[in-house]
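Data block below; observations after.
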Amino acid sequence: MQTAFTEAQLKRPAIADAAAILKDCVHYGFCTAVCPTYVLLRDENDAPRGRIDLIRAMLEKGTAPDAKTVGHIDRCLSCNSCMTTCAAKVDFMHLADIGRAYIEKHYRRPLGDRLLRALLARVLTRPGRFRAAVRAARLARPIARLLPGRLRKLVTLVPPRLPPARHEVRAGTYPAEGERKLRVALLAGCVQQALAPGINAATIRLLTRYGCDVVVTDGCCGALPLHMGKEDQAKALARAAIGAWTGAEAEGRIDHVVVNASGCGTTIKDYGKLFKHDAGMAAPARAIASCALDVTELLQRIGLKQPARKIPLAVAYHDACSLQHAQKVIEPPRDLLRAAGFRVLDVPERHFCCGSAGTYNLLQPEIAAQLGRRKAGHIESTGAAVIAAGNLGCMTQISLYSGLPSVHTVELLDWATGGPLPEALEGVKLPEPESEQAPAAAPADANAIW
(Lines give C-alpha, C1' and ligand atoms only; values in the text may rest on other atoms or scores of the structure.)
Protein backbone atom coordinates (compact mmCIF):
# COMPACT_ATOMS: atom_id res chain seq x y z
CA MET A 1 0.00 0.00 0.00
CA GLN A 2 1.24 3.49 -0.88
CA THR A 3 1.51 5.95 2.01
CA ALA A 4 2.05 9.72 2.09
CA PHE A 5 3.67 10.35 5.45
CA THR A 6 6.00 13.34 5.68
CA GLU A 7 9.60 13.00 6.84
CA ALA A 8 8.66 14.78 10.04
CA GLN A 9 5.87 12.28 10.69
CA LEU A 10 8.15 9.30 10.05
CA LYS A 11 10.51 10.51 12.77
CA ARG A 12 7.83 9.60 15.31
CA PRO A 13 8.27 5.92 16.26
CA ALA A 14 4.56 5.04 16.19
CA ILE A 15 4.08 6.52 12.72
CA ALA A 16 7.21 4.79 11.41
CA ASP A 17 5.90 1.47 12.78
CA ALA A 18 2.49 2.06 11.19
CA ALA A 19 4.03 2.97 7.83
CA ALA A 20 6.02 -0.26 7.77
CA ILE A 21 2.88 -2.29 8.49
CA LEU A 22 0.75 -0.44 5.95
CA LYS A 23 3.21 -1.12 3.13
CA ASP A 24 2.60 -4.85 3.52
CA CYS A 25 -1.12 -4.63 2.74
CA VAL A 26 -1.96 -5.44 -0.90
CA HIS A 27 -5.75 -5.52 -0.45
CA TYR A 28 -6.20 -9.17 -1.41
CA GLY A 29 -9.40 -9.21 0.65
CA PHE A 30 -9.17 -12.75 2.07
CA CYS A 31 -9.55 -11.12 5.49
CA THR A 32 -13.12 -9.99 4.89
CA ALA A 33 -14.55 -13.52 4.92
CA VAL A 34 -13.26 -14.21 8.44
CA CYS A 35 -13.91 -10.79 9.99
CA PRO A 36 -16.88 -11.07 12.39
CA THR A 37 -17.97 -7.45 12.07
CA TYR A 38 -17.88 -7.54 8.27
CA VAL A 39 -19.83 -10.81 8.19
CA LEU A 40 -22.49 -9.26 10.42
CA LEU A 41 -22.60 -5.69 9.06
CA ARG A 42 -21.44 -6.07 5.42
CA ASP A 43 -19.72 -2.69 5.50
CA GLU A 44 -16.25 -2.52 3.94
CA ASN A 45 -15.24 -0.02 6.64
CA ASP A 46 -16.00 -2.70 9.22
CA ALA A 47 -13.59 -5.13 7.57
CA PRO A 48 -9.81 -5.25 8.14
CA ARG A 49 -9.10 -3.87 4.66
CA GLY A 50 -11.39 -0.90 5.23
CA ARG A 51 -10.04 -0.22 8.71
CA ILE A 52 -6.49 -0.26 7.35
CA ASP A 53 -7.46 2.49 4.90
CA LEU A 54 -9.14 4.47 7.66
CA ILE A 55 -6.13 4.21 9.98
CA ARG A 56 -3.76 5.19 7.15
CA ALA A 57 -5.83 8.26 6.27
CA MET A 58 -6.21 9.25 9.92
CA LEU A 59 -2.49 9.03 10.63
CA GLU A 60 -1.49 10.78 7.41
CA LYS A 61 -3.77 13.72 8.15
CA GLY A 62 -2.36 14.00 11.64
CA THR A 63 -5.46 15.78 12.91
CA ALA A 64 -8.37 14.75 15.11
CA PRO A 65 -10.27 11.88 13.45
CA ASP A 66 -13.99 12.18 12.76
CA ALA A 67 -16.64 10.23 14.66
CA LYS A 68 -17.33 7.92 11.70
CA THR A 69 -13.71 6.78 11.52
CA VAL A 70 -13.58 6.25 15.28
CA GLY A 71 -16.80 4.24 15.18
CA HIS A 72 -15.49 1.79 12.60
CA ILE A 73 -12.19 1.31 14.46
CA ASP A 74 -14.00 0.93 17.78
CA ARG A 75 -16.06 -1.90 16.30
CA CYS A 76 -12.93 -3.97 15.63
CA LEU A 77 -12.79 -6.91 18.06
CA SER A 78 -9.01 -7.36 17.75
CA CYS A 79 -9.76 -11.06 17.31
CA ASN A 80 -6.87 -11.24 14.81
CA SER A 81 -8.68 -13.76 12.64
CA CYS A 82 -7.67 -11.57 9.70
CA MET A 83 -4.00 -12.12 10.52
CA THR A 84 -4.43 -15.88 10.41
CA THR A 85 -5.93 -15.61 6.92
CA CYS A 86 -3.84 -12.79 5.43
CA ALA A 87 -1.60 -14.00 2.61
CA ALA A 88 0.64 -10.93 3.01
CA LYS A 89 0.93 -11.38 6.78
CA VAL A 90 -0.07 -7.81 7.56
CA ASP A 91 0.50 -7.04 11.25
CA PHE A 92 -3.01 -5.73 11.84
CA MET A 93 -2.84 -6.33 15.60
CA HIS A 94 -0.19 -3.69 16.13
CA LEU A 95 -1.64 -1.33 13.53
CA ALA A 96 -4.95 -1.40 15.44
CA ASP A 97 -3.09 -0.67 18.70
CA ILE A 98 -1.40 2.33 17.08
CA GLY A 99 -4.72 3.55 15.71
CA ARG A 100 -6.47 3.25 19.07
CA ALA A 101 -3.68 5.05 20.90
CA TYR A 102 -3.86 7.86 18.34
CA ILE A 103 -7.64 8.15 18.81
CA GLU A 104 -7.25 8.23 22.58
CA LYS A 105 -4.85 11.20 22.32
CA HIS A 106 -6.51 13.18 19.52
CA TYR A 107 -10.26 12.50 19.64
CA ARG A 108 -12.59 13.91 22.27
CA ARG A 109 -15.31 11.36 22.83
CA PRO A 110 -18.79 12.27 24.09
CA LEU A 111 -18.89 12.68 27.87
CA GLY A 112 -20.75 9.42 28.53
CA ASP A 113 -18.29 7.43 26.45
CA ARG A 114 -15.31 9.04 28.17
CA LEU A 115 -16.71 8.32 31.62
CA LEU A 116 -17.53 4.71 30.78
CA ARG A 117 -14.09 4.00 29.36
CA ALA A 118 -12.36 5.67 32.30
CA LEU A 119 -14.53 3.63 34.69
CA LEU A 120 -13.69 0.34 32.97
CA ALA A 121 -9.97 1.11 32.83
CA ARG A 122 -9.81 2.02 36.51
CA VAL A 123 -12.15 -0.65 37.89
CA LEU A 124 -11.47 -3.80 35.86
CA THR A 125 -7.73 -3.63 36.48
CA ARG A 126 -8.12 -3.75 40.29
CA PRO A 127 -9.84 -6.73 41.96
CA GLY A 128 -10.83 -4.70 45.02
CA ARG A 129 -12.41 -1.97 42.94
CA PHE A 130 -14.14 -4.56 40.80
CA ARG A 131 -15.72 -6.14 43.85
CA ALA A 132 -16.95 -2.76 45.08
CA ALA A 133 -18.36 -1.96 41.63
CA VAL A 134 -20.25 -5.27 41.55
CA ARG A 135 -21.80 -4.51 44.94
CA ALA A 136 -22.84 -1.04 43.76
CA ALA A 137 -24.31 -2.46 40.54
CA ARG A 138 -26.42 -4.92 42.52
CA LEU A 139 -27.89 -2.05 44.52
CA ALA A 140 -28.75 -0.33 41.23
CA ARG A 141 -30.61 -3.31 39.76
CA PRO A 142 -34.06 -2.24 41.02
CA ILE A 143 -33.72 1.03 39.07
CA ALA A 144 -31.85 -0.42 36.07
CA ARG A 145 -34.61 0.61 33.65
CA LEU A 146 -34.09 4.25 34.59
CA LEU A 147 -30.36 4.23 33.83
CA PRO A 148 -28.80 5.35 30.51
CA GLY A 149 -28.45 2.55 27.94
CA ARG A 150 -24.81 1.61 28.52
CA LEU A 151 -25.01 1.77 32.31
CA ARG A 152 -28.20 -0.29 32.15
CA LYS A 153 -26.32 -2.92 30.14
CA LEU A 154 -23.45 -2.95 32.63
CA VAL A 155 -25.85 -3.50 35.51
CA THR A 156 -27.56 -6.40 33.73
CA LEU A 157 -24.17 -8.05 33.05
CA VAL A 158 -23.15 -8.02 36.70
CA PRO A 159 -22.71 -11.59 38.02
CA PRO A 160 -25.34 -12.72 40.52
CA ARG A 161 -22.62 -13.41 43.07
CA LEU A 162 -18.86 -13.26 43.55
CA PRO A 163 -16.75 -15.85 45.35
CA PRO A 164 -15.73 -14.71 48.84
CA ALA A 165 -12.56 -12.61 48.86
CA ARG A 166 -10.88 -15.25 51.02
CA HIS A 167 -10.86 -17.57 47.99
CA GLU A 168 -8.56 -15.25 46.07
CA VAL A 169 -5.08 -16.66 45.65
CA ARG A 170 -2.54 -14.68 47.64
CA ALA A 171 0.88 -13.60 46.45
CA GLY A 172 3.68 -15.88 47.54
CA THR A 173 5.47 -19.10 46.64
CA TYR A 174 3.60 -22.40 46.44
CA PRO A 175 6.18 -25.22 46.59
CA ALA A 176 6.29 -28.19 44.25
CA GLU A 177 5.13 -31.58 45.39
CA GLY A 178 8.15 -33.87 45.50
CA GLU A 179 11.19 -33.00 43.41
CA ARG A 180 11.18 -29.49 42.01
CA LYS A 181 11.58 -29.42 38.23
CA LEU A 182 10.74 -25.81 37.42
CA ARG A 183 10.15 -22.48 39.10
CA VAL A 184 7.42 -20.50 37.37
CA ALA A 185 5.68 -17.17 37.93
CA LEU A 186 1.91 -16.72 37.76
CA LEU A 187 0.21 -13.32 37.62
CA ALA A 188 -2.86 -13.38 39.87
CA GLY A 189 -4.57 -10.99 37.47
CA CYS A 190 -7.44 -8.57 37.86
CA VAL A 191 -10.99 -9.57 36.87
CA GLN A 192 -10.23 -13.30 37.03
CA GLN A 193 -8.86 -12.98 40.54
CA ALA A 194 -12.16 -11.50 41.74
CA LEU A 195 -14.65 -13.27 39.47
CA ALA A 196 -13.18 -16.79 39.27
CA PRO A 197 -10.33 -17.33 41.76
CA GLY A 198 -10.84 -21.07 41.37
CA ILE A 199 -8.98 -20.89 38.04
CA ASN A 200 -5.82 -19.66 39.76
CA ALA A 201 -6.25 -22.21 42.54
CA ALA A 202 -6.63 -25.05 40.02
CA THR A 203 -3.58 -23.80 38.11
CA ILE A 204 -1.44 -23.82 41.25
CA ARG A 205 -2.62 -27.29 42.31
CA LEU A 206 -1.94 -28.65 38.84
CA LEU A 207 1.51 -27.12 38.44
CA THR A 208 2.74 -27.98 41.93
CA ARG A 209 1.51 -31.55 41.36
CA TYR A 210 3.81 -31.68 38.32
CA GLY A 211 6.91 -30.45 40.13
CA CYS A 212 6.69 -26.68 39.74
CA ASP A 213 7.33 -24.07 42.38
CA VAL A 214 4.69 -21.44 41.59
CA VAL A 215 5.50 -17.83 42.49
CA VAL A 216 2.28 -15.80 42.47
CA THR A 217 2.51 -12.04 42.03
CA ASP A 218 -0.30 -9.49 42.25
CA GLY A 219 -1.17 -7.11 39.44
CA CYS A 220 -2.65 -6.63 35.98
CA CYS A 221 -0.82 -7.21 32.70
CA GLY A 222 -2.24 -4.05 31.05
CA ALA A 223 -4.20 -5.77 28.28
CA LEU A 224 -7.60 -4.19 29.01
CA PRO A 225 -6.48 -0.52 28.90
CA LEU A 226 -4.15 -1.23 25.97
CA HIS A 227 -7.07 -2.37 23.81
CA MET A 228 -8.95 0.80 24.72
CA GLY A 229 -6.05 2.92 23.45
CA LYS A 230 -4.90 3.85 26.95
CA GLU A 231 -1.28 3.07 26.20
CA ASP A 232 0.24 5.01 29.11
CA GLN A 233 -1.87 3.17 31.69
CA ALA A 234 -1.18 -0.15 29.99
CA LYS A 235 2.57 0.46 30.10
CA ALA A 236 2.42 1.47 33.77
CA LEU A 237 0.67 -1.78 34.67
CA ALA A 238 3.06 -3.80 32.48
CA ARG A 239 6.08 -2.14 34.13
CA ALA A 240 4.73 -3.11 37.54
CA ALA A 241 4.19 -6.71 36.42
CA ILE A 242 7.69 -6.93 34.94
CA GLY A 243 9.11 -5.42 38.13
CA ALA A 244 7.32 -8.01 40.26
CA TRP A 245 8.67 -10.87 38.15
CA THR A 246 12.18 -9.41 38.13
CA GLY A 247 12.00 -9.13 41.92
CA ALA A 248 10.88 -12.75 42.19
CA GLU A 249 13.84 -13.80 40.05
CA ALA A 250 16.21 -12.21 42.56
CA GLU A 251 15.22 -15.05 44.92
CA GLY A 252 15.80 -17.74 42.30
CA ARG A 253 15.62 -18.30 38.57
CA ILE A 254 12.17 -18.01 36.99
CA ASP A 255 11.99 -20.56 34.18
CA HIS A 256 8.69 -19.37 32.74
CA VAL A 257 5.95 -16.83 33.23
CA VAL A 258 2.77 -18.91 33.06
CA VAL A 259 -0.53 -17.37 31.96
CA ASN A 260 -3.99 -18.88 32.43
CA ALA A 261 -5.98 -16.05 30.79
CA SER A 262 -5.20 -16.04 27.09
CA GLY A 263 -6.02 -12.34 26.60
CA CYS A 264 -3.32 -11.56 29.15
CA GLY A 265 -0.96 -14.06 27.55
CA THR A 266 -1.14 -12.33 24.18
CA THR A 267 -0.16 -9.00 25.74
CA ILE A 268 2.60 -10.43 27.94
CA LYS A 269 4.14 -12.28 25.01
CA ASP A 270 4.07 -8.94 23.17
CA TYR A 271 5.86 -6.90 25.86
CA GLY A 272 8.94 -6.73 23.68
CA LYS A 273 7.08 -4.72 21.05
CA LEU A 274 5.16 -2.68 23.61
CA PHE A 275 8.44 -1.38 25.04
CA LYS A 276 10.69 -1.52 22.00
CA HIS A 277 11.09 2.27 21.95
CA ASP A 278 11.78 2.46 25.70
CA ALA A 279 15.51 2.05 26.22
CA GLY A 280 15.17 1.32 29.95
CA MET A 281 12.46 -1.30 29.58
CA ALA A 282 13.20 -2.95 26.24
CA ALA A 283 15.57 -5.65 27.54
CA PRO A 284 13.54 -6.82 30.58
CA ALA A 285 10.34 -6.69 28.53
CA ARG A 286 11.86 -8.91 25.84
CA ALA A 287 13.14 -11.32 28.50
CA ILE A 288 9.68 -11.70 30.03
CA ALA A 289 8.00 -12.04 26.63
CA SER A 290 10.44 -14.76 25.57
CA CYS A 291 9.74 -16.96 28.60
CA ALA A 292 5.95 -16.47 28.75
CA LEU A 293 3.79 -19.53 28.06
CA ASP A 294 0.11 -20.32 28.17
CA VAL A 295 -0.48 -22.86 30.91
CA THR A 296 -1.39 -25.53 28.34
CA GLU A 297 1.89 -24.96 26.48
CA LEU A 298 3.82 -25.60 29.69
CA LEU A 299 1.77 -28.67 30.61
CA GLN A 300 2.30 -30.13 27.16
CA ARG A 301 6.07 -29.72 27.60
CA ILE A 302 5.96 -31.36 31.03
CA GLY A 303 3.66 -34.16 29.87
CA LEU A 304 0.40 -35.19 31.52
CA LYS A 305 0.65 -38.19 33.86
CA GLN A 306 -1.87 -41.02 33.96
CA PRO A 307 -5.08 -39.31 35.10
CA ALA A 308 -6.55 -40.27 38.46
CA ARG A 309 -9.97 -40.53 36.85
CA LYS A 310 -10.74 -40.91 33.15
CA ILE A 311 -14.27 -39.68 32.65
CA PRO A 312 -15.42 -39.61 29.00
CA LEU A 313 -17.27 -36.32 29.47
CA ALA A 314 -18.19 -34.68 26.14
CA VAL A 315 -16.36 -31.34 26.12
CA ALA A 316 -16.85 -28.64 23.49
CA TYR A 317 -13.49 -26.88 23.37
CA HIS A 318 -13.85 -23.19 22.49
CA ASP A 319 -10.80 -21.58 20.85
CA ALA A 320 -10.29 -18.15 22.38
CA CYS A 321 -9.18 -15.75 19.63
CA SER A 322 -6.20 -14.66 21.71
CA LEU A 323 -5.01 -18.28 21.81
CA GLN A 324 -5.73 -19.51 18.29
CA HIS A 325 -5.05 -16.37 16.24
CA ALA A 326 -2.61 -14.32 18.30
CA GLN A 327 -0.59 -17.03 20.06
CA LYS A 328 -1.21 -19.92 17.63
CA VAL A 329 -1.92 -22.27 20.55
CA ILE A 330 -4.49 -24.64 19.07
CA GLU A 331 -3.61 -28.30 19.68
CA PRO A 332 -2.07 -28.30 23.20
CA PRO A 333 -5.39 -27.75 25.04
CA ARG A 334 -7.12 -30.41 22.94
CA ASP A 335 -4.29 -32.90 23.34
CA LEU A 336 -4.22 -32.44 27.12
CA LEU A 337 -7.98 -32.82 27.50
CA ARG A 338 -7.93 -36.01 25.42
CA ALA A 339 -5.01 -37.38 27.43
CA ALA A 340 -7.04 -36.70 30.58
CA GLY A 341 -9.83 -38.90 29.23
CA PHE A 342 -12.33 -36.31 28.00
CA ARG A 343 -14.14 -36.54 24.66
CA VAL A 344 -13.15 -33.32 22.92
CA LEU A 345 -15.60 -31.96 20.35
CA ASP A 346 -14.66 -29.23 17.88
CA VAL A 347 -17.04 -26.31 17.53
CA PRO A 348 -18.27 -25.33 14.04
CA GLU A 349 -16.94 -21.97 12.84
CA ARG A 350 -14.30 -22.17 15.53
CA HIS A 351 -12.32 -19.26 14.04
CA PHE A 352 -15.16 -16.85 14.83
CA CYS A 353 -15.06 -14.60 17.91
CA CYS A 354 -17.61 -15.06 20.72
CA GLY A 355 -17.91 -11.29 21.22
CA SER A 356 -16.13 -10.98 24.56
CA ALA A 357 -12.86 -9.43 23.32
CA GLY A 358 -11.74 -7.78 26.55
CA THR A 359 -14.16 -4.90 27.16
CA TYR A 360 -15.91 -5.26 23.79
CA ASN A 361 -19.10 -6.79 25.17
CA LEU A 362 -19.36 -3.79 27.50
CA LEU A 363 -18.58 -1.13 24.88
CA GLN A 364 -20.30 -2.72 21.85
CA PRO A 365 -23.08 -4.78 23.49
CA GLU A 366 -25.33 -5.15 20.43
CA ILE A 367 -22.67 -6.67 18.17
CA ALA A 368 -21.28 -8.71 21.06
CA ALA A 369 -24.74 -10.17 21.73
CA GLN A 370 -25.11 -11.27 18.11
CA LEU A 371 -21.73 -12.97 18.23
CA GLY A 372 -22.45 -14.55 21.61
CA ARG A 373 -25.71 -16.09 20.43
CA ARG A 374 -24.02 -17.32 17.25
CA LYS A 375 -21.19 -18.95 19.19
CA ALA A 376 -23.51 -20.51 21.77
CA GLY A 377 -25.66 -22.02 19.01
CA HIS A 378 -22.63 -23.63 17.37
CA ILE A 379 -21.41 -25.00 20.71
CA GLU A 380 -24.76 -26.51 21.61
CA SER A 381 -25.01 -28.13 18.17
CA THR A 382 -22.08 -30.39 19.14
CA GLY A 383 -24.13 -32.18 21.79
CA ALA A 384 -21.47 -31.47 24.41
CA ALA A 385 -22.20 -31.61 28.13
CA VAL A 386 -19.73 -28.87 29.07
CA ILE A 387 -17.77 -26.00 27.49
CA ALA A 388 -14.03 -25.63 28.08
CA ALA A 389 -11.99 -22.54 27.23
CA GLY A 390 -8.69 -20.93 28.14
CA ASN A 391 -9.99 -17.42 28.75
CA LEU A 392 -12.40 -16.22 31.43
CA GLY A 393 -13.83 -13.49 29.21
CA CYS A 394 -14.97 -16.08 26.67
CA MET A 395 -16.40 -18.30 29.40
CA THR A 396 -18.40 -15.41 30.85
CA GLN A 397 -19.65 -14.21 27.46
CA ILE A 398 -20.74 -17.63 26.21
CA SER A 399 -22.48 -18.38 29.51
CA LEU A 400 -24.82 -15.45 28.85
CA TYR A 401 -26.25 -17.28 25.83
CA SER A 402 -25.78 -20.97 26.62
CA GLY A 403 -27.19 -23.10 29.41
CA LEU A 404 -24.19 -25.44 29.34
CA PRO A 405 -21.71 -25.21 32.21
CA SER A 406 -18.50 -23.41 31.28
CA VAL A 407 -15.13 -24.30 32.82
CA HIS A 408 -11.52 -23.38 32.30
CA THR A 409 -9.31 -26.02 30.71
CA VAL A 410 -7.07 -26.17 33.79
CA GLU A 411 -10.08 -26.89 36.03
CA LEU A 412 -10.84 -30.03 34.02
CA LEU A 413 -7.19 -31.09 33.95
CA ASP A 414 -6.84 -30.49 37.69
CA TRP A 415 -9.97 -32.56 38.38
CA ALA A 416 -8.78 -35.41 36.17
CA THR A 417 -5.42 -35.58 37.94
CA GLY A 418 -6.63 -35.51 41.53
CA GLY A 419 -8.19 -32.13 42.17
CA PRO A 420 -11.77 -31.27 43.13
CA LEU A 421 -14.79 -31.30 40.86
CA PRO A 422 -15.06 -27.87 39.18
CA GLU A 423 -17.79 -25.85 40.84
CA ALA A 424 -19.60 -25.36 37.50
CA LEU A 425 -20.05 -29.14 37.20
CA GLU A 426 -21.74 -29.59 40.56
CA GLY A 427 -25.15 -31.14 39.91
CA VAL A 428 -24.22 -32.19 36.35
CA LYS A 429 -24.82 -35.89 35.60
CA LEU A 430 -21.39 -37.29 34.79
CA PRO A 431 -20.57 -40.47 32.84
CA GLU A 432 -18.96 -43.34 34.75
CA PRO A 433 -15.14 -43.34 34.84
CA GLU A 434 -13.52 -45.64 32.28
CA SER A 435 -10.69 -46.62 34.61
CA GLU A 436 -11.12 -48.76 37.71
CA GLN A 437 -8.43 -46.75 39.39
CA ALA A 438 -9.79 -45.10 42.52
CA PRO A 439 -10.00 -41.31 42.33
CA ALA A 440 -7.44 -39.42 44.35
CA ALA A 441 -8.66 -37.64 47.47
CA ALA A 442 -9.77 -34.08 46.73
CA PRO A 443 -10.11 -31.05 48.97
CA ALA A 444 -13.63 -30.46 50.19
CA ASP A 445 -13.50 -26.84 49.03
CA ALA A 446 -13.09 -26.48 45.25
CA ASN A 447 -11.37 -23.15 45.85
CA ALA A 448 -8.83 -24.57 48.28
CA ILE A 449 -5.38 -24.90 46.81
CA TRP A 450 -4.36 -27.77 49.06
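To be explicit about the labels: the chains of the C-alpha coordinates are called A, B, and onward in the order shown, and within each one the residues are counted from 1, while ligands get numbers from 1 in the order they are shown.
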
Practice task
From the DSSP assignment of the backbone, select every residue of stretch 236-306 of chain A that is strand (DSSP E), and format the answer as a list of chain:residue names.
Solution key: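 For stretch 236-306 of chain A, the strand (DSSP E) set is A:His256, A:Val257, A:Val258, A:Val259, A:Ala292, A:Leu293, A:Asp294.
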
Cut-off 9 Å: closest stretch 219-266 of chain A/stretch 94-104 of chain A atom pairs per residue, using only C-alpha atoms, as a tab-separated table:
```
residue	atom	partner	partner_atom	distance
A:Leu226	CA	A:Asp97	CA	7.4
A:His227	CA	A:Asp97	CA	6.7
A:Met228	CA	A:Arg100	CA	6.6
A:Gly229	CA	A:Ala101	CA	4.1
A:Lys230	CA	A:Ala101	CA	6.3
A:Glu231	CA	A:Ala101	CA	6.1
```

Problem - Selected residue, from A:Val428, A:Leu162, A:Ala14, A:Leu363, that lies nearest to A:Gly198 when counting only C-alpha atoms - result: A:Leu162

Tell me, as a PDB file with N, CA and C atoms, in the first residue's frame, which residues lie within 7 Å of A:Ala4, counting only C-alpha atoms; anything in the same chain fewer than 2 positions away does not count.
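Output file part.pdb is given in full below:
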```pdb
ATOM      1  N   GLN A   2       0.526   2.215  -0.823  1.00  0.00           N
ATOM      2  CA  GLN A   2       1.238   3.487  -0.880  1.00  0.00           C
ATOM      3  C   GLN A   2       0.831   4.352   0.308  1.00  0.00           C
ATOM      4  N   THR A   6       4.903  12.390   5.857  1.00  0.00           N
ATOM      5  CA  THR A   6       6.004  13.336   5.682  1.00  0.00           C
ATOM      6  C   THR A   6       7.230  12.831   6.439  1.00  0.00           C
ATOM      7  N   GLU A  60      -2.085   9.856   8.388  1.00  0.00           N
ATOM      8  CA  GLU A  60      -1.491  10.776   7.414  1.00  0.00           C
ATOM      9  C   GLU A  60      -1.966  12.208   7.641  1.00  0.00           C
TER      10      GLU A  60
END
```

Practice task
Quick one: everything within 10 Å of A:Leu336, counting only C-alpha atoms, minus sequence neighbours fewer than 4 positions away in the same chain. Send it as a list in words.
Solution key: Thr296, Glu297, Leu299, Gln300, Gly303, Leu304, Glu331, Pro332, Ala340, Gly341, Phe342, Val344, Thr409, Val410, Leu412 and Leu413 of chain A

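Across stretch 175-215 of chain A, DSSP run on the backbone finds helix (DSSP H, G or I) at A:Val191, A:Gln192, A:Gln193, A:Ala194, A:Leu195, A:Pro197, A:Gly198, A:Ile199, A:Asn200, A:Ala201, A:Ala202, A:Thr203, A:Ile204, A:Arg205, A:Leu206, A:Leu207, A:Thr208, A:Arg209.
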
Problem - Residue neighbourhood A:Cys86, 8 Å, only C-alpha atoms, exclusion window fewer than 3 positions, as a list in words - result: Phe30, Cys31, Cys82, Met83, Lys89 and Val90 of chain A

Exercise for the section: Go through A:Gly419, A:Lys276, A:Gln192, A:Gly265 and flag the residue nearest A:Ile204, using only C-alpha atoms for the distances. Expected result: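 Among A:Gly419, A:Lys276, A:Gln192, A:Gly265, it is A:Gly419 that comes nearest to A:Ile204.
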
Practice task
Might you pull out every residue within 9 Å of A:Leu186, with only C-alpha atoms counted and same-chain residues fewer than 2 positions away left off, and present them as a count of residues only?
Solution key: 17

Exercise for the section: Enter the distance from atom CA of A:Met93 to atom CA of A:Asn80, in Å, rounded to one decimal. Expected result: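 We find that atom CA of A:Met93 and atom CA of A:Asn80 lie 6.4 Å from each other.
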
Problem - Shell of 10 Å around A:Arg374, only C-alpha atoms, local chain residues under 3 positions omitted, as a ChimeraX atom specification - result: /A:349,352-355,368-371,377-379,398,401

For the residues selected in the previous step, produce a file with N, CA and C atoms as an mmCIF file, in the first residue's frame.
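Once written, result.cif looks like this:
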```
data_model
loop_
_atom_site.group_PDB
_atom_site.id
_atom_site.type_symbol
_atom_site.label_atom_id
_atom_site.label_comp_id
_atom_site.auth_asym_id
_atom_site.auth_seq_id
_atom_site.Cartn_x
_atom_site.Cartn_y
_atom_site.Cartn_z
ATOM 1 N N GLU A 349 -17.329 -23.381 12.979
ATOM 2 C CA GLU A 349 -16.945 -21.966 12.842
ATOM 3 C C GLU A 349 -16.055 -21.543 14.015
ATOM 4 N N PHE A 352 -14.348 -18.045 14.638
ATOM 5 C CA PHE A 352 -15.163 -16.853 14.832
ATOM 6 C C PHE A 352 -15.183 -16.439 16.302
ATOM 7 N N CYS A 353 -15.091 -15.142 16.559
ATOM 8 C CA CYS A 353 -15.059 -14.599 17.913
ATOM 9 C C CYS A 353 -16.409 -14.759 18.603
ATOM 10 N N CYS A 354 -16.374 -14.929 19.937
ATOM 11 C CA CYS A 354 -17.614 -15.057 20.718
ATOM 12 C C CYS A 354 -18.191 -13.701 21.091
ATOM 13 N N GLY A 355 -17.408 -12.625 20.909
ATOM 14 C CA GLY A 355 -17.909 -11.286 21.222
ATOM 15 C C GLY A 355 -17.436 -10.732 22.544
ATOM 16 N N ALA A 368 -21.757 -7.621 20.213
ATOM 17 C CA ALA A 368 -21.281 -8.710 21.063
ATOM 18 C C ALA A 368 -22.392 -9.729 21.315
ATOM 19 N N ALA A 369 -23.614 -9.257 21.488
ATOM 20 C CA ALA A 369 -24.735 -10.172 21.729
ATOM 21 C C ALA A 369 -24.998 -11.051 20.513
ATOM 22 N N GLN A 370 -24.923 -10.470 19.318
ATOM 23 C CA GLN A 370 -25.110 -11.274 18.110
ATOM 24 C C GLN A 370 -24.054 -12.371 18.016
ATOM 25 N N LEU A 371 -22.819 -12.000 18.305
ATOM 26 C CA LEU A 371 -21.726 -12.969 18.228
ATOM 27 C C LEU A 371 -21.852 -14.027 19.330
ATOM 28 N N GLY A 377 -24.926 -21.099 19.866
ATOM 29 C CA GLY A 377 -25.659 -22.024 19.007
ATOM 30 C C GLY A 377 -24.763 -23.083 18.402
ATOM 31 N N HIS A 378 -23.576 -22.671 17.949
ATOM 32 C CA HIS A 378 -22.630 -23.632 17.371
ATOM 33 C C HIS A 378 -22.143 -24.617 18.437
ATOM 34 N N ILE A 379 -21.883 -24.128 19.630
ATOM 35 C CA ILE A 379 -21.412 -25.004 20.705
ATOM 36 C C ILE A 379 -22.474 -26.041 21.061
ATOM 37 N N ILE A 398 -19.965 -16.505 26.749
ATOM 38 C CA ILE A 398 -20.735 -17.633 26.215
ATOM 39 C C ILE A 398 -21.813 -18.077 27.204
ATOM 40 N N TYR A 401 -25.382 -16.828 26.926
ATOM 41 C CA TYR A 401 -26.253 -17.278 25.834
ATOM 42 C C TYR A 401 -26.389 -18.801 25.758
#
```

Practice task
Could you tell me how far atom CA of A:Ala261 lies from atom CA of A:Ala202, in Å and to one decimal?
Solution key: 12.9 Å

Closest contacts (stretch 166-269 of chain A/stretch 120-134 of chain A, max 7 Å, only C-alpha atoms) as a Markdown table:
```
| residue | atom | partner | partner_atom | distance |
| --- | --- | --- | --- | --- |
| A:Cys190 | CA | A:Pro127 | CA | 5.1 |
| A:Val191 | CA | A:Leu124 | CA | 5.9 |
| A:Gln193 | CA | A:Pro127 | CA | 6.5 |
| A:Ala194 | CA | A:Pro127 | CA | 5.3 |
| A:Cys220 | CA | A:Thr125 | CA | 5.9 |
| A:Leu224 | CA | A:Ala121 | CA | 6.9 |
| A:Pro225 | CA | A:Ala121 | CA | 5.5 |
```

Kindly save the residues from that selection, with N, CA and C atoms included, as a tab-separated table (two decimals), in the first residue's frame.
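part-v8.tsv was written with the following content:
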```
chain	number	residue	atom	x	y	z
A	190	CYS	N	-6.50	-9.58	37.36
A	190	CYS	CA	-7.44	-8.57	37.86
A	190	CYS	C	-8.86	-9.13	37.95
A	191	VAL	N	-9.60	-9.11	36.84
A	191	VAL	CA	-10.99	-9.57	36.87
A	191	VAL	C	-11.07	-11.04	37.27
A	193	GLN	N	-9.14	-12.78	39.12
A	193	GLN	CA	-8.86	-12.98	40.54
A	193	GLN	C	-10.11	-12.76	41.38
A	194	ALA	N	-10.94	-11.79	40.98
A	194	ALA	CA	-12.16	-11.50	41.74
A	194	ALA	C	-13.33	-12.37	41.31
A	220	CYS	N	-1.93	-6.53	37.25
A	220	CYS	CA	-2.65	-6.63	35.98
A	220	CYS	C	-1.61	-6.49	34.86
A	224	LEU	N	-6.30	-4.86	29.15
A	224	LEU	CA	-7.60	-4.19	29.01
A	224	LEU	C	-7.45	-2.71	28.63
A	225	PRO	N	-6.64	-1.91	29.34
A	225	PRO	CA	-6.48	-0.52	28.90
A	225	PRO	C	-5.77	-0.39	27.56
```

Exercise for the section: Compare A:Tyr210, A:Ala357, A:Pro433, A:Leu154 by their minimum atom-to-atom distance to A:Leu119, counting only C-alpha atoms, and give me the closest one. Expected result: A:Leu154

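For the choices A:Glu179, A:Arg56, A:Glu423, A:Leu187, the atom-to-atom distance to A:Pro163 is smallest for A:Glu423 when using only C-alpha atoms.
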
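For the choices A:Ala20, A:Ser81, A:Val155, A:Arg373, the atom-to-atom distance to A:Ala33 is smallest for A:Ser81 when using only C-alpha atoms.
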